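Asker: File model.pdb follows (PDB, C-alpha atoms):
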```
ATOM      1  CA  MET T   1       0.275  20.339  12.812
ATOM      2  CA  LEU T   2       3.529  18.444  12.281
ATOM      3  CA  ASP T   3       3.566  18.250   8.477
ATOM      4  CA  ALA T   4       5.763  21.316   7.954
ATOM      5  CA  THR T   5       8.320  20.054  10.475
ATOM      6  CA  ALA T   6       8.230  16.564   9.002
ATOM      7  CA  ARG T   7       8.809  17.931   5.499
ATOM      8  CA  ARG T   8      11.824  19.921   6.667
ATOM      9  CA  ILE T   9      13.320  16.827   8.251
ATOM     10  CA  LEU T  10      12.421  14.359   5.500
ATOM     11  CA  ASP T  11      12.770  16.431   2.321
ATOM     12  CA  VAL T  12      16.455  15.641   1.801
ATOM     13  CA  PRO T  13      16.276  11.894   2.633
ATOM     14  CA  LEU T  14      13.182  11.484   0.456
ATOM     15  CA  ALA T  15      14.832  13.384  -2.411
ATOM     16  CA  ARG T  16      17.827  11.065  -2.188
ATOM     17  CA  ALA T  17      15.582   8.009  -2.135
ATOM     18  CA  ALA T  18      13.681   9.362  -5.148
ATOM     19  CA  ALA T  19      16.984   9.809  -6.983
ATOM     20  CA  ALA T  20      17.873   6.178  -6.249
ATOM     21  CA  LEU T  21      14.463   5.073  -7.571
ATOM     22  CA  ASP T  22      14.611   7.251 -10.688
ATOM     23  CA  ARG T  23      14.469   4.556 -13.338
ATOM     24  CA  PRO T  24      12.411   4.490 -16.559
ATOM     25  CA  TRP T  25      10.062   1.810 -15.204
ATOM     26  CA  VAL T  26       9.419   3.660 -11.939
ATOM     27  CA  SER T  27       6.976   6.545 -12.177
ATOM     28  CA  PRO T  28       5.293   8.739  -9.551
ATOM     29  CA  ASP T  29       1.909   7.248 -10.433
ATOM     30  CA  ARG T  30       3.264   3.730  -9.997
ATOM     31  CA  LEU T  31       4.567   4.658  -6.556
ATOM     32  CA  THR T  32       1.136   6.073  -5.712
ATOM     33  CA  ALA T  33      -0.483   2.852  -6.938
ATOM     34  CA  ALA T  34       1.948   0.787  -4.872
ATOM     35  CA  GLY T  35       1.091   2.845  -1.789
ATOM     36  CA  LEU T  36      -2.612   2.313  -2.484
ATOM     37  CA  VAL T  37      -2.298  -1.461  -2.880
ATOM     38  CA  LEU T  38      -0.084  -1.809   0.194
ATOM     39  CA  GLY T  39      -2.444   0.385   2.225
ATOM     40  CA  LEU T  40      -5.464  -1.670   1.220
ATOM     41  CA  GLY T  41      -3.467  -4.787   2.098
ATOM     42  CA  SER T  42      -2.810  -3.300   5.525
ATOM     43  CA  ALA T  43      -6.538  -2.768   6.029
ATOM     44  CA  VAL T  44      -7.305  -6.364   5.055
ATOM     45  CA  ALA T  45      -4.574  -7.665   7.363
ATOM     46  CA  ALA T  46      -5.974  -5.576  10.241
ATOM     47  CA  GLY T  47      -9.435  -6.969   9.630
ATOM     48  CA  LEU T  48      -7.925 -10.467   9.815
ATOM     49  CA  GLN T  49      -6.120  -9.473  13.051
ATOM     50  CA  ALA T  50      -2.696  -9.969  11.473
ATOM     51  CA  TRP T  51      -1.518  -6.880  13.311
ATOM     52  CA  THR T  52       2.232  -7.076  12.670
ATOM     53  CA  THR T  53       1.687  -7.628   8.952
ATOM     54  CA  ALA T  54      -0.797  -4.764   8.882
ATOM     55  CA  LEU T  55       1.688  -2.443  10.588
ATOM     56  CA  LEU T  56       4.516  -3.308   8.186
ATOM     57  CA  LEU T  57       2.267  -2.867   5.148
ATOM     58  CA  TRP T  58       1.013   0.439   6.523
ATOM     59  CA  LEU T  59       4.508   1.856   7.027
ATOM     60  CA  VAL T  60       5.760   0.730   3.604
ATOM     61  CA  SER T  61       2.576   2.102   2.042
ATOM     62  CA  ARG T  62       3.172   5.524   3.554
ATOM     63  CA  LEU T  63       6.817   5.423   2.464
ATOM     64  CA  ALA T  64       5.710   4.838  -1.125
ATOM     65  CA  ASP T  65       3.209   7.674  -0.757
ATOM     66  CA  GLY T  66       5.978   9.946   0.493
ATOM     67  CA  LEU T  67       8.194   9.218  -2.513
ATOM     68  CA  ASP T  68       5.811   9.921  -5.387
ATOM     69  CA  GLY T  69       5.956  13.697  -4.916
ATOM     70  CA  PRO T  70       9.775  13.980  -4.699
ATOM     71  CA  LEU T  71      10.139  11.782  -7.779
ATOM     72  CA  ALA T  72       7.616  13.902  -9.706
ATOM     73  CA  ARG T  73       9.438  17.110  -8.747
ATOM     74  CA  ARG T  74      12.775  15.554  -9.722
ATOM     75  CA  ARG T  75      11.388  14.610 -13.140
ATOM     76  CA  ARG T  76       9.976  18.115 -13.694
ATOM     77  CA  ALA T  77      13.299  19.693 -12.702
ATOM     78  CA  ALA T  78      14.996  17.459 -15.277
ATOM     79  CA  GLY T  79      12.697  18.815 -17.985
ATOM     80  CA  ALA T  80       9.932  16.227 -18.086
ATOM     81  CA  ALA T  81       6.553  17.533 -19.166
ATOM     82  CA  ALA T  82       4.273  18.290 -16.227
ATOM     83  CA  ASP T  83       0.768  16.840 -16.201
ATOM     84  CA  ALA T  84      -2.312  18.977 -15.631
ATOM     85  CA  GLY T  85      -2.726  17.633 -12.125
ATOM     86  CA  SER T  86      -3.546  13.969 -12.675
ATOM     87  CA  GLY T  87      -0.745  12.872 -10.341
ATOM     88  CA  GLY T  88      -1.956  15.044  -7.497
ATOM     89  CA  PHE T  89      -5.533  13.907  -8.073
ATOM     90  CA  PHE T  90      -4.506  10.240  -7.993
ATOM     91  CA  ASP T  91      -2.385  10.804  -4.887
ATOM     92  CA  ILE T  92      -5.060  12.461  -2.752
ATOM     93  CA  THR T  93      -7.732  10.001  -3.908
ATOM     94  CA  ALA T  94      -5.471   7.070  -3.024
ATOM     95  CA  ASP T  95      -4.758   8.621   0.378
ATOM     96  CA  PHE T  96      -8.450   8.883   1.192
ATOM     97  CA  CYS T  97      -9.046   5.292   0.094
ATOM     98  CA  VAL T  98      -6.199   4.060   2.279
ATOM     99  CA  TYR T  99      -7.140   6.135   5.333
ATOM    100  CA  GLY T 100     -10.799   5.130   5.225
ATOM    101  CA  SER T 101     -10.131   1.455   4.553
ATOM    102  CA  THR T 102      -7.575   1.289   7.357
ATOM    103  CA  VAL T 103     -10.073   2.677   9.861
ATOM    104  CA  LEU T 104     -12.570   0.070   8.706
ATOM    105  CA  GLY T 105      -9.995  -2.724   8.872
ATOM    106  CA  VAL T 106      -8.903  -1.797  12.389
ATOM    107  CA  ALA T 107     -12.535  -1.520  13.457
ATOM    108  CA  ILE T 108     -13.311  -5.021  12.178
ATOM    109  CA  GLY T 109     -10.191  -6.533  13.718
ATOM    110  CA  ALA T 110     -10.582  -4.786  17.067
ATOM    111  CA  THR T 111     -14.284  -5.580  17.448
ATOM    112  CA  ARG T 112     -13.722  -9.236  16.603
ATOM    113  CA  GLY T 113     -10.487  -9.717  18.505
ATOM    114  CA  PHE T 114     -10.966  -7.505  21.553
ATOM    115  CA  ASP T 115     -14.735  -6.984  21.699
ATOM    116  CA  ALA T 116     -14.152  -3.285  21.068
ATOM    117  CA  PRO T 117     -17.109  -0.998  20.336
ATOM    118  CA  TRP T 118     -17.473   0.109  16.727
ATOM    119  CA  GLU T 119     -18.810   3.593  17.484
ATOM    120  CA  PRO T 120     -15.457   5.395  17.924
ATOM    121  CA  PHE T 121     -14.278   4.206  14.514
ATOM    122  CA  ALA T 122     -17.524   5.381  12.922
ATOM    123  CA  VAL T 123     -17.010   8.800  14.511
ATOM    124  CA  VAL T 124     -13.451   8.890  13.141
ATOM    125  CA  LEU T 125     -14.783   8.228   9.638
ATOM    126  CA  LEU T 126     -17.352  11.015  10.044
ATOM    127  CA  ALA T 127     -14.632  13.395  11.226
ATOM    128  CA  TYR T 128     -12.457  12.395   8.242
ATOM    129  CA  TYR T 129     -15.390  13.086   5.917
ATOM    130  CA  VAL T 130     -15.980  16.588   7.263
ATOM    131  CA  ASN T 131     -12.276  17.391   7.502
ATOM    132  CA  GLY T 132     -11.589  16.197   3.963
ATOM    133  CA  THR T 133     -14.572  18.114   2.604
ATOM    134  CA  ALA T 134     -13.342  21.315   4.235
ATOM    135  CA  PHE T 135      -9.825  21.242   2.864
ATOM    136  CA  LEU T 136     -10.766  19.946  -0.607
ATOM    137  CA  ALA T 137     -13.493  22.577  -0.963
ATOM    138  CA  PHE T 138     -11.074  25.280   0.139
ATOM    139  CA  SER T 139      -8.404  24.101  -2.293
ATOM    140  CA  SER T 140     -10.798  24.135  -5.237
ATOM    141  CA  ILE T 141     -12.397  27.506  -4.474
ATOM    142  CA  ALA T 142      -9.085  29.144  -3.487
ATOM    143  CA  GLU T 143      -7.538  28.179  -6.821
ATOM    144  CA  ARG T 144     -10.494  29.588  -8.735
ATOM    145  CA  ALA T 145     -10.300  32.799  -6.687
ATOM    146  CA  GLY T 146      -6.523  33.093  -7.083
ATOM    147  CA  ARG T 147      -5.917  32.640  -3.341
ATOM    148  CA  GLN T 148      -4.287  29.214  -3.349
ATOM    149  CA  LEU T 149      -1.582  28.368  -0.812
ATOM    150  CA  ASP T 150       1.542  27.189  -2.627
ATOM    151  CA  ASP T 151       3.782  24.932  -0.556
ATOM    152  CA  GLY T 152       4.910  22.755  -3.440
ATOM    153  CA  ARG T 153       2.006  20.318  -3.201
ATOM    154  CA  SER T 154      -0.762  19.853  -5.744
ATOM    155  CA  LEU T 155      -3.497  21.202  -3.472
ATOM    156  CA  SER T 156      -3.814  24.133  -1.099
ATOM    157  CA  PHE T 157      -3.594  22.593   2.369
ATOM    158  CA  LEU T 158      -4.942  24.470   5.359
ATOM    159  CA  GLY T 159      -2.991  23.516   8.449
ATOM    160  CA  GLY T 160      -4.622  21.917  11.441
ATOM    161  CA  LEU T 161      -4.162  19.668  14.444
ATOM    162  CA  ALA T 162      -4.700  16.550  12.329
ATOM    163  CA  GLU T 163      -2.492  16.403   9.253
ATOM    164  CA  GLY T 164      -0.794  13.611   7.364
ATOM    165  CA  THR T 165       2.006  13.070   9.873
ATOM    166  CA  GLU T 166      -0.376  12.694  12.798
ATOM    167  CA  THR T 167      -2.624  10.393  10.768
ATOM    168  CA  ILE T 168       0.262   8.071   9.923
ATOM    169  CA  ALA T 169       1.306   7.979  13.578
ATOM    170  CA  VAL T 170      -2.183   7.297  14.943
ATOM    171  CA  HIS T 171      -2.932   4.548  12.420
ATOM    172  CA  ALA T 172       0.413   2.944  13.254
ATOM    173  CA  LEU T 173      -0.456   3.165  16.961
ATOM    174  CA  TRP T 174      -3.759   1.366  16.330
ATOM    175  CA  LEU T 175      -1.915  -1.459  14.617
ATOM    176  CA  LEU T 176       0.788  -1.590  17.268
ATOM    177  CA  LEU T 177      -1.665  -1.581  20.197
ATOM    178  CA  PRO T 178      -4.935  -2.944  18.803
ATOM    179  CA  ALA T 179      -6.306  -3.798  22.245
ATOM    180  CA  VAL T 180      -6.653  -0.093  23.019
ATOM    181  CA  ALA T 181      -7.417   1.031  19.466
ATOM    182  CA  TRP T 182     -10.978   2.060  20.297
ATOM    183  CA  GLN T 183      -9.851   4.340  23.132
ATOM    184  CA  VAL T 184      -7.291   5.940  20.834
ATOM    185  CA  ALA T 185     -10.032   6.303  18.213
ATOM    186  CA  TRP T 186     -12.198   8.408  20.544
ATOM    187  CA  VAL T 187      -9.313  10.802  21.202
ATOM    188  CA  TRP T 188      -8.356  10.908  17.540
ATOM    189  CA  ALA T 189     -11.953  11.607  16.492
ATOM    190  CA  VAL T 190     -11.989  14.674  18.755
ATOM    191  CA  VAL T 191      -8.655  15.885  17.367
ATOM    192  CA  VAL T 192      -9.820  15.466  13.757
ATOM    193  CA  ALA T 193     -13.141  17.175  14.556
ATOM    194  CA  ILE T 194     -11.304  20.164  16.063
ATOM    195  CA  SER T 195      -9.075  20.270  12.991
ATOM    196  CA  ALA T 196     -12.141  20.202  10.725
ATOM    197  CA  ALA T 197     -13.782  23.073  12.614
ATOM    198  CA  HIS T 198     -10.532  25.049  12.432
ATOM    199  CA  ARG T 199     -10.237  24.491   8.679
ATOM    200  CA  MET T 200     -13.837  25.520   8.132
ATOM    201  CA  ARG T 201     -13.297  28.745  10.100
ATOM    202  CA  VAL T 202      -9.928  29.646   8.561
ATOM    203  CA  GLY T 203     -11.022  28.672   5.065
ATOM    204  CA  TYR T 204     -14.169  30.785   5.269
ATOM    205  CA  ARG T 205     -12.223  33.808   6.496
ATOM    206  CA  SER T 206      -9.503  33.362   3.871
ATOM    207  CA  LEU T 207     -12.044  33.396   1.056
ATOM    208  CA  ARG T 208     -14.026  36.437   2.192
TER     209      ARG T 208
END
```
In structure tokens, what does this structure look like?

Answerer:
Amino acid sequence: MLDATARRILDVPLARAAAALDRPWVSPDRLTAAGLVLGLGSAVAAGLQAWTTALLLWLVSRLADGLDGPLARRRRAAGAAADAGSGGFFDITADFCVYGSTVLGVAIGATRGFDAPWEPFAVVLLAYYVNGTAFLAFSSIAERAGRQLDDGRSLSFLGGLAEGTETIAVHALWLLLPAVAWQVAWVWAVVVAISAAHRMRVGYRSLR
């Protein structure tokens, strides 16, 4: 829901940061890999109940994830050869790994540290699974049918209540307030489920 607004606000700062990082040894894929490693580190730290460390790793991970695209676009604009989509594939795969592992890490840390129930985190993972299936299936079929949505990203993203910006914020909230993470998880699971249902409906109608 907030991704378009966030991109409008952050496009220029991220482009400037990408320009500052534009060195031969820094590549978009390496930034994606850094975001993946930092995100997995955040999940491990959450599982160990090192909440402040987990939060810092999470935020830096998402910053790295936000810079790979601007750097790739900067390189293409400068005449670098574009790949066939490997960067976008790596990026979305890394995102799913980080999102899923962070839910698991918070679940382990919250159940051990605060005697939280595990069920809300399991429901979040189920909602992520359905939501991700809906938008990835739409992106693939829409491209084959010539109905892709081009907003500058590698995939065709159907909008919804739960997008990347909201996900970053909710995961940060879990790490900031782990004692109430399971209550937040129930609310977030409902939001993601509504978003999944919306994407299924809109995607089906768009491809008819």

Asker: Any chance you could work out the residue set of the PyMOL selection byres ((chain T and resi 176) around 12) here, as a PyMOL selection string?

Answerer: chain T and resi 46+49-56+58-59+106+110+169-175+177-181+184

Asker: Give me the residues within 9 Å of T:Cys97 as a PyMOL selection string, counting all atoms listed in the file and dropping any in the same chain fewer than 6 places off.

Answerer: chain T and resi 36+39-40

Asker: Find the distance between atom CA of T:Asp95 and atom CA of T:Trp118 and write it in Å to one decimal.

Answerer: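 According to the coordinates, atom CA of T:Asp95 and atom CA of T:Trp118 are separated by 22.4 Å.
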
Asker: Smallest atom-to-atom distance to T:Glu163: which of T:Trp25, T:Phe114, T:Tyr99, T:Phe138, using all atoms listed in the file?

Answerer: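 Counting all atoms listed in the file, the residue closest to T:Glu163 is T:Tyr99.
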
Asker: Identify, on the basis of all atoms listed in the file, every residue whose closest approach to stretch 69-72 of chain T does not exceed 6 Å; exclude the query and any residue fewer than 2 positions from it along the same chain; express the result as number ranges by chain.

Answerer: T: 15, 18, 28, 67, 74-75

Asker: Anything within 10 Å of (-12.9, -2.2, 11.4): list those residues as a list in words, counting only C-alpha atoms and sticking to the file's coordinates.

Answerer: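 It turns out the residues near that spot are Ala43, Val44, Ala46, Gly47, Leu48, Gly100, Ser101, Thr102, Val103, Leu104, Gly105, Val106, Ala107, Ile108, Gly109, Ala110, Thr111, Arg112, Ala116, Pro117, Trp118, Phe121 and Ala122 of chain T.
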
Asker: Check the smallest atom-to-atom distance from each of T:Arg76, T:Ala185, T:Gly113, T:Ser195 to T:Ala134 using all atoms listed in the file, then report the winner.

Answerer: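 Looking at the shortest contact to T:Ala134, the residue is T:Ser195.
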
Asker: Could you please determine the separation between atom CA of T:Val190 and atom CA of T:Arg62 in Å, to one decimal place?

Answerer: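 Atom-to-atom, atom CA of T:Val190 to atom CA of T:Arg62, that is 23.3 Å.
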
Asker: Using only C-alpha atoms for the distances, tell me which of T:Ala4, T:Ala33, T:Gly41, T:Asn131 is nearest to T:Ala193.

Answerer: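 With only C-alpha atoms as the atom set, the closest residue is T:Asn131.
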
Asker: Looking at T:Asp91, T:Asp22, T:Glu166, T:Asp11, which one is nearest to T:Ala34, with distances taken over all atoms listed in the file?

Answerer: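 Once distances to T:Ala34 are computed over all atoms listed in the file, the minimum belongs to T:Asp91.
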
Asker: For T:Ile194, which of T:Val12, T:Ala6, T:Ala162, T:Val98 is the closest residue, counting all atoms listed in the file?

Answerer: T:Ala162
